[in-house]
Amino acid sequence: MGVDLRQVVAAVLTLTMFVMLGQMIKRDHFDSLRETLPGESLDVQFNGANTIAHDGLVKLSKRSKGPWMEGIQELKPCWSKADSDEIGQSRGYVTFSLTNGPEYHVSQIADAVVVASYLSATLVLPDIRGSKPGDGRNFEDIYDVEKFMKSLDGIVKVVKELPNEISIRDLAAVKVPNRVTKDHIVESVEPIFRSKGNIRLATYFPTLNMRRTAQKTSVDSVACLGMFGTLELQAEAVEVIDSMIERLRTLSCKSDGQFIAVDLRVDILKNKNCHESRSTRVKNCYNAQEIALFLRKVGFDIDTTIYLTQSRWENSLSVLKDIFPKTYTKETIMPEEKKGKFLEYEDSEFEKVIDLYICSQSDVFVPAISGLFYANVAGKRIASGKPQILVPADISGTSATVTNYLSPYVAKKNHLAYSCFC
């Protein structure tokens, strides 16, 4: 009996369709179980992984497996400095202190420089006051004094201390809002300065974001210089941070030396309201489990190396380490001989500085906590061409496109760093 070729072809096609359908059902069923199996990898759909996302700000890397994103060219300062090194006759002194950690220091520096410049005053090198009693330091213990003074040549005269004839008791205390304006200086600072001759400045923070404003003012260039062009770490701190970053990259051999830095501090999570805002439906902080699930769902492999800003290991972090075994705090990656000085006690100024700079140089930064630390890291990363900042979220499905979670500071270009760099 002859065989109808058309019947054979039809049978083969029918069988092939059943096989494909079986594979699809099997894959769907397997994927549906993956959220309960955190050790398994997720099949993340990148929706055109090689295309540039968000107006050319970030694109997914072709050289690495997973949702790693490439950097961009380092931006250049847009502000201008005075052409002359000549500064007018000083009319008095402005003193101040750096407080509350490095995320506040840059703003305090910027405001002091703006005020001193407008008043034609001499700026006195600040001391550093930690959040704990006894954690006081000299400026040079953490920052490069010569770099700071040289950066302000032609803008503001800087001295290391007040002249002996001027008593601290003679200084008039003045408070200014962060990102102080010319109008505020004219109305609220200048009259006191003209009357007293010398002032002690303190910055308060009406808001903890660093979004840029549409209105440009005459103090913008000086503020940009003060915030982004004056502070550099002293040599030993740079050496320690570089060694820690090198250690993290060595541990990240399966991801081409790339690692994630997560700002997650248990003490702040305990004291902060992490519930969703009723108006925006957005949370302002995420715990270790929520961060772990977020990173898995946007596609990071379980071999990904993660640095946490938490000072010392806490049991509540174990859920993150269970999913990402290569999760570290500074105590496990800092050179042993440096721990006595830089880890003398928890939450010291040195630890905060280390966290800020490692988060600024990591391949991806994830702020588990909103606030000024996140905003300052974002500014440093934008300026250095590292806009890979992911804001966590509770993702309902099993996977998501990583570029959907870029920080609004980057996606909307609304960070004030975009006013200072181009």
# chains A, B, ... in the order shown; residues from 1 in each chain; ligands from 1
>>> residues_around(residues="Pro206 of chain A", least_positions_apart="5", cutoff="10 Å", atoms="only C-alpha atoms", output="MDAnalysis selection string")
chainID A and resid 177:179
>>> residues_around(residues="segment 156-159 of chain A", least_positions_apart="4", cutoff="6 Å", atoms="only C-alpha atoms", output="number ranges by chain")
A: 117, 122-124, 152
>>> write_last_selection(atoms="N, CA, C and O atoms", output="compact mmCIF listing (two decimals), in the first residue's frame")
# COMPACT_ATOMS: atom_id res chain seq x y z
N SER A 117 32.14 83.33 50.12
CA SER A 117 32.43 83.99 48.86
C SER A 117 31.60 85.26 48.70
O SER A 117 32.12 86.32 48.32
N THR A 122 36.92 85.30 55.01
CA THR A 122 37.90 84.22 55.03
C THR A 122 37.27 82.99 55.67
O THR A 122 36.63 83.08 56.73
N LEU A 123 37.42 81.86 55.03
CA LEU A 123 36.85 80.60 55.51
C LEU A 123 37.87 79.88 56.39
O LEU A 123 39.03 79.71 56.00
N VAL A 124 37.44 79.46 57.56
CA VAL A 124 38.32 78.72 58.46
C VAL A 124 38.09 77.23 58.26
O VAL A 124 36.94 76.77 58.23
N LEU A 152 40.02 76.10 46.13
CA LEU A 152 39.29 77.36 46.33
C LEU A 152 40.13 78.60 46.03
O LEU A 152 39.71 79.72 46.28
>>> select_by_dssp(residues="segment 110-359 of chain A", states="helix (DSSP H, G or I)", output="number ranges by chain")
A: 110-119, 139-142, 145-151, 168-170, 182-196, 220-228, 235-251, 253-255, 266-271, 288-297, 315-323, 330-333, 336-342, 349-359
>>> closest_residue(among="A:Ser97, A:Ser107, A:Val410, A:Val240", to="Cys224 of chain A", atoms="only C-alpha atoms")
A:Ser107
>>> closest_residue(among="A:Asp141, A:Gly226, A:Pro335, A:Tyr118", to="Glu190 of chain A", atoms="only C-alpha atoms")
A:Tyr118
>>> select_by_dssp(residues="segment 182-384 of chain A", states="strand (DSSP E)", output="list in words")
Asn198, Ile199, Arg200, Leu201, Ala202, Thr203, Tyr204, Phe259, Ile260, Ala261, Val262, Asp263, Thr305, Ile306, Tyr307, Leu308, Thr327, Tyr328, Val364, Phe365, Val366 and Pro367 of chain A
>>> write_last_selection(atoms="N, CA, C and O atoms", output="compact mmCIF listing (two decimals), in the first residue's frame")
# COMPACT_ATOMS: atom_id res chain seq x y z
N ASN A 198 32.38 88.44 62.45
CA ASN A 198 32.74 87.03 62.30
C ASN A 198 31.54 86.17 62.69
O ASN A 198 30.81 86.50 63.64
N ILE A 199 31.33 85.08 61.95
CA ILE A 199 30.16 84.24 62.23
C ILE A 199 30.53 82.77 62.28
O ILE A 199 31.55 82.34 61.72
N ARG A 200 29.71 82.01 63.01
CA ARG A 200 29.82 80.55 63.00
C ARG A 200 28.58 80.00 62.32
O ARG A 200 27.45 80.21 62.77
N LEU A 201 28.80 79.30 61.22
CA LEU A 201 27.71 78.87 60.33
C LEU A 201 27.27 77.44 60.67
O LEU A 201 28.09 76.58 61.00
N ALA A 202 25.98 77.22 60.59
CA ALA A 202 25.43 75.86 60.72
C ALA A 202 24.35 75.68 59.66
O ALA A 202 23.49 76.55 59.48
N THR A 203 24.42 74.56 58.94
CA THR A 203 23.45 74.27 57.89
C THR A 203 22.36 73.36 58.42
O THR A 203 22.64 72.37 59.08
N TYR A 204 21.11 73.70 58.15
CA TYR A 204 20.02 72.77 58.44
C TYR A 204 19.40 72.31 57.13
O TYR A 204 19.58 72.93 56.08
N PHE A 259 30.62 44.12 40.98
CA PHE A 259 29.92 43.87 42.24
C PHE A 259 28.87 44.95 42.48
O PHE A 259 28.90 46.02 41.87
N ILE A 260 27.94 44.62 43.38
CA ILE A 260 26.85 45.53 43.76
C ILE A 260 27.12 46.06 45.16
O ILE A 260 27.53 45.30 46.05
N ALA A 261 26.90 47.34 45.37
CA ALA A 261 26.93 47.92 46.72
C ALA A 261 25.50 48.26 47.13
O ALA A 261 24.77 48.90 46.36
N VAL A 262 25.10 47.81 48.31
CA VAL A 262 23.75 48.05 48.82
C VAL A 262 23.85 48.84 50.12
O VAL A 262 24.52 48.41 51.07
N ASP A 263 23.21 50.00 50.16
CA ASP A 263 23.15 50.77 51.40
C ASP A 263 22.02 50.21 52.24
O ASP A 263 20.86 50.56 52.08
N THR A 305 28.49 39.24 43.69
CA THR A 305 29.11 39.74 44.91
C THR A 305 28.40 41.02 45.37
O THR A 305 28.17 41.92 44.57
N ILE A 306 28.07 41.07 46.66
CA ILE A 306 27.34 42.20 47.22
C ILE A 306 28.09 42.77 48.42
O ILE A 306 28.51 42.02 49.32
N TYR A 307 28.26 44.08 48.43
CA TYR A 307 28.84 44.79 49.58
C TYR A 307 27.71 45.51 50.31
O TYR A 307 26.92 46.23 49.70
N LEU A 308 27.63 45.33 51.64
CA LEU A 308 26.63 45.99 52.45
C LEU A 308 27.27 47.07 53.31
O LEU A 308 28.36 46.88 53.85
N THR A 327 28.03 37.77 49.99
CA THR A 327 27.57 39.02 50.58
C THR A 327 28.50 39.37 51.73
O THR A 327 28.73 38.54 52.62
N TYR A 328 29.04 40.60 51.73
CA TYR A 328 30.07 40.96 52.70
C TYR A 328 29.80 42.31 53.33
O TYR A 328 29.21 43.20 52.73
N VAL A 364 27.14 48.60 40.41
CA VAL A 364 25.72 48.91 40.59
C VAL A 364 25.53 49.35 42.03
O VAL A 364 26.13 48.78 42.94
N PHE A 365 24.71 50.37 42.23
CA PHE A 365 24.38 50.82 43.58
C PHE A 365 22.89 50.67 43.81
O PHE A 365 22.08 51.07 42.97
N VAL A 366 22.52 50.08 44.96
CA VAL A 366 21.12 49.89 45.32
C VAL A 366 20.88 50.52 46.69
O VAL A 366 21.39 50.02 47.70
N PRO A 367 20.15 51.62 46.76
CA PRO A 367 19.84 52.23 48.06
C PRO A 367 18.63 51.57 48.69
O PRO A 367 17.50 51.77 48.25
>>> closest_residue(among="A:Leu75, A:Ile354, A:Ile323, A:Ala235", to="Ile302 of chain A", atoms="only C-alpha atoms")
A:Ile323
>>> residues_around(residues="Ser255 of chain A", least_positions_apart="2", cutoff="9 Å", atoms="only C-alpha atoms", output="VMD selection string")
chain A and resid 64 to 66 68 249 252 to 253 257 to 259 301 303 to 305
>>> residues_around(residues="Asp170 of chain A", least_positions_apart="5", cutoff="12 Å", atoms="only C-alpha atoms", output="PyMOL selection string")
chain A and resi 92-95+162+165+193+195-200
>>> write_last_selection(atoms="N, CA and C atoms", output="PDB file, in the first residue's frame")
ATOM      1  N   GLY A  92      36.228  89.580  57.376  1.00  0.00           N
ATOM      2  CA  GLY A  92      35.923  88.823  58.584  1.00  0.00           C
ATOM      3  C   GLY A  92      36.088  87.338  58.337  1.00  0.00           C
ATOM      4  N   TYR A  93      35.606  86.523  59.280  1.00  0.00           N
ATOM      5  CA  TYR A  93      35.813  85.086  59.201  1.00  0.00           C
ATOM      6  C   TYR A  93      34.486  84.334  59.281  1.00  0.00           C
ATOM      7  N   VAL A  94      34.439  83.216  58.535  1.00  0.00           N
ATOM      8  CA  VAL A  94      33.312  82.287  58.611  1.00  0.00           C
ATOM      9  C   VAL A  94      33.852  80.955  59.106  1.00  0.00           C
ATOM     10  N   THR A  95      33.346  80.477  60.235  1.00  0.00           N
ATOM     11  CA  THR A  95      33.738  79.170  60.769  1.00  0.00           C
ATOM     12  C   THR A  95      32.541  78.231  60.724  1.00  0.00           C
ATOM     13  N   LEU A 162      41.484  80.174  63.322  1.00  0.00           N
ATOM     14  CA  LEU A 162      41.222  81.578  63.609  1.00  0.00           C
ATOM     15  C   LEU A 162      42.469  82.252  64.187  1.00  0.00           C
ATOM     16  N   GLU A 165      43.712  86.525  68.250  1.00  0.00           N
ATOM     17  CA  GLU A 165      42.999  87.664  68.838  1.00  0.00           C
ATOM     18  C   GLU A 165      41.477  87.532  68.747  1.00  0.00           C
ATOM     19  N   PHE A 193      26.661  89.521  59.846  1.00  0.00           N
ATOM     20  CA  PHE A 193      28.100  89.531  59.562  1.00  0.00           C
ATOM     21  C   PHE A 193      28.654  90.955  59.619  1.00  0.00           C
ATOM     22  N   SER A 195      27.506  93.380  61.311  1.00  0.00           N
ATOM     23  CA  SER A 195      27.430  93.870  62.689  1.00  0.00           C
ATOM     24  C   SER A 195      28.483  93.224  63.591  1.00  0.00           C
ATOM     25  N   LYS A 196      28.651  91.909  63.466  1.00  0.00           N
ATOM     26  CA  LYS A 196      29.544  91.182  64.371  1.00  0.00           C
ATOM     27  C   LYS A 196      30.951  90.992  63.805  1.00  0.00           C
ATOM     28  N   GLY A 197      31.074  90.958  62.473  1.00  0.00           N
ATOM     29  CA  GLY A 197      32.388  90.803  61.863  1.00  0.00           C
ATOM     30  C   GLY A 197      32.818  89.381  61.614  1.00  0.00           C
ATOM     31  N   ASN A 198      32.384  88.442  62.447  1.00  0.00           N
ATOM     32  CA  ASN A 198      32.739  87.034  62.296  1.00  0.00           C
ATOM     33  C   ASN A 198      31.540  86.172  62.688  1.00  0.00           C
ATOM     34  N   ILE A 199      31.329  85.075  61.947  1.00  0.00           N
ATOM     35  CA  ILE A 199      30.156  84.239  62.227  1.00  0.00           C
ATOM     36  C   ILE A 199      30.534  82.766  62.281  1.00  0.00           C
ATOM     37  N   ARG A 200      29.709  82.010  63.005  1.00  0.00           N
ATOM     38  CA  ARG A 200      29.815  80.550  63.001  1.00  0.00           C
ATOM     39  C   ARG A 200      28.580  80.000  62.320  1.00  0.00           C
TER      40      ARG A 200
END
>>> residues_around(residues="segment 99-103 of chain A", least_positions_apart="4", cutoff="7 Å", atoms="only C-alpha atoms", output="JSON, numbers by chain")
{"A": [128, 129, 130, 131, 349, 352, 353, 372, 373, 376]}
>>> write_last_selection(atoms="all heavy atoms", output="mmCIF file, in the first residue's frame")
data_model
loop_
_atom_site.group_PDB
_atom_site.id
_atom_site.type_symbol
_atom_site.label_atom_id
_atom_site.label_comp_id
_atom_site.auth_asym_id
_atom_site.auth_seq_id
_atom_site.Cartn_x
_atom_site.Cartn_y
_atom_site.Cartn_z
ATOM 1 N N ILE A 128 35.721 68.152 62.355
ATOM 2 C CA ILE A 128 34.730 67.116 62.042
ATOM 3 C C ILE A 128 34.178 66.568 63.350
ATOM 4 O O ILE A 128 34.937 66.113 64.209
ATOM 5 C CB ILE A 128 35.346 65.978 61.201
ATOM 6 C CG1 ILE A 128 35.877 66.537 59.879
ATOM 7 C CG2 ILE A 128 34.316 64.878 60.946
ATOM 8 C CD1 ILE A 128 36.624 65.511 59.037
ATOM 9 N N ARG A 129 32.871 66.611 63.483
ATOM 10 C CA ARG A 129 32.221 66.134 64.701
ATOM 11 C C ARG A 129 31.313 64.957 64.366
ATOM 12 O O ARG A 129 30.372 65.094 63.602
ATOM 13 C CB ARG A 129 31.419 67.263 65.358
ATOM 14 C CG ARG A 129 32.298 68.459 65.725
ATOM 15 C CD ARG A 129 31.522 69.533 66.442
ATOM 16 N NE ARG A 129 32.381 70.671 66.782
ATOM 17 C CZ ARG A 129 31.976 71.726 67.484
ATOM 18 N NH1 ARG A 129 30.717 71.786 67.918
ATOM 19 N NH2 ARG A 129 32.820 72.710 67.758
ATOM 20 N N GLY A 130 31.627 63.808 64.938
ATOM 21 C CA GLY A 130 30.839 62.612 64.694
ATOM 22 C C GLY A 130 29.526 62.628 65.449
ATOM 23 O O GLY A 130 29.260 63.516 66.265
ATOM 24 N N SER A 131 28.720 61.619 65.190
ATOM 25 C CA SER A 131 27.401 61.539 65.820
ATOM 26 C C SER A 131 27.468 60.998 67.241
ATOM 27 O O SER A 131 26.491 61.076 67.987
ATOM 28 C CB SER A 131 26.477 60.648 64.977
ATOM 29 O OG SER A 131 27.059 59.366 64.783
ATOM 30 N N GLU A 349 33.039 57.858 61.866
ATOM 31 C CA GLU A 349 33.152 58.686 60.671
ATOM 32 C C GLU A 349 33.927 57.968 59.570
ATOM 33 O O GLU A 349 33.595 58.067 58.390
ATOM 34 C CB GLU A 349 33.834 60.014 61.015
ATOM 35 C CG GLU A 349 32.998 60.942 61.864
ATOM 36 C CD GLU A 349 31.687 61.313 61.199
ATOM 37 O OE1 GLU A 349 31.704 61.999 60.163
ATOM 38 O OE2 GLU A 349 30.640 60.892 61.709
ATOM 39 N N LYS A 352 31.634 55.530 57.739
ATOM 40 C CA LYS A 352 30.686 56.208 56.855
ATOM 41 C C LYS A 352 31.369 56.672 55.564
ATOM 42 O O LYS A 352 30.787 56.586 54.474
ATOM 43 C CB LYS A 352 30.055 57.404 57.574
ATOM 44 C CG LYS A 352 29.184 57.029 58.762
ATOM 45 C CD LYS A 352 28.684 58.282 59.479
ATOM 46 C CE LYS A 352 27.852 57.961 60.694
ATOM 47 N NZ LYS A 352 27.424 59.190 61.418
ATOM 48 N N VAL A 353 32.601 57.167 55.702
ATOM 49 C CA VAL A 353 33.353 57.611 54.523
ATOM 50 C C VAL A 353 33.651 56.433 53.606
ATOM 51 O O VAL A 353 33.508 56.524 52.377
ATOM 52 C CB VAL A 353 34.660 58.308 54.971
ATOM 53 C CG1 VAL A 353 35.605 58.472 53.796
ATOM 54 C CG2 VAL A 353 34.347 59.664 55.589
ATOM 55 N N LEU A 372 19.743 61.287 52.279
ATOM 56 C CA LEU A 372 20.856 62.081 51.769
ATOM 57 C C LEU A 372 22.055 61.234 51.359
ATOM 58 O O LEU A 372 22.810 61.618 50.461
ATOM 59 C CB LEU A 372 21.273 63.119 52.817
ATOM 60 C CG LEU A 372 21.931 64.393 52.306
ATOM 61 C CD1 LEU A 372 21.077 65.090 51.260
ATOM 62 C CD2 LEU A 372 22.244 65.343 53.448
ATOM 63 N N PHE A 373 22.255 60.082 52.006
ATOM 64 C CA PHE A 373 23.351 59.202 51.593
ATOM 65 C C PHE A 373 23.129 58.761 50.148
ATOM 66 O O PHE A 373 24.023 58.844 49.308
ATOM 67 C CB PHE A 373 23.433 57.981 52.517
ATOM 68 C CG PHE A 373 24.596 57.066 52.227
ATOM 69 C CD1 PHE A 373 25.796 57.224 52.895
ATOM 70 C CD2 PHE A 373 24.491 56.053 51.284
ATOM 71 C CE1 PHE A 373 26.877 56.389 52.634
ATOM 72 C CE2 PHE A 373 25.558 55.211 51.012
ATOM 73 C CZ PHE A 373 26.758 55.381 51.686
ATOM 74 N N ASN A 376 23.704 61.723 47.737
ATOM 75 C CA ASN A 376 25.101 62.082 47.529
ATOM 76 C C ASN A 376 25.857 61.040 46.724
ATOM 77 O O ASN A 376 26.692 61.393 45.889
ATOM 78 C CB ASN A 376 25.782 62.314 48.877
ATOM 79 C CG ASN A 376 25.631 63.736 49.364
ATOM 80 O OD1 ASN A 376 26.344 64.629 48.946
ATOM 81 N ND2 ASN A 376 24.667 63.955 50.247
#
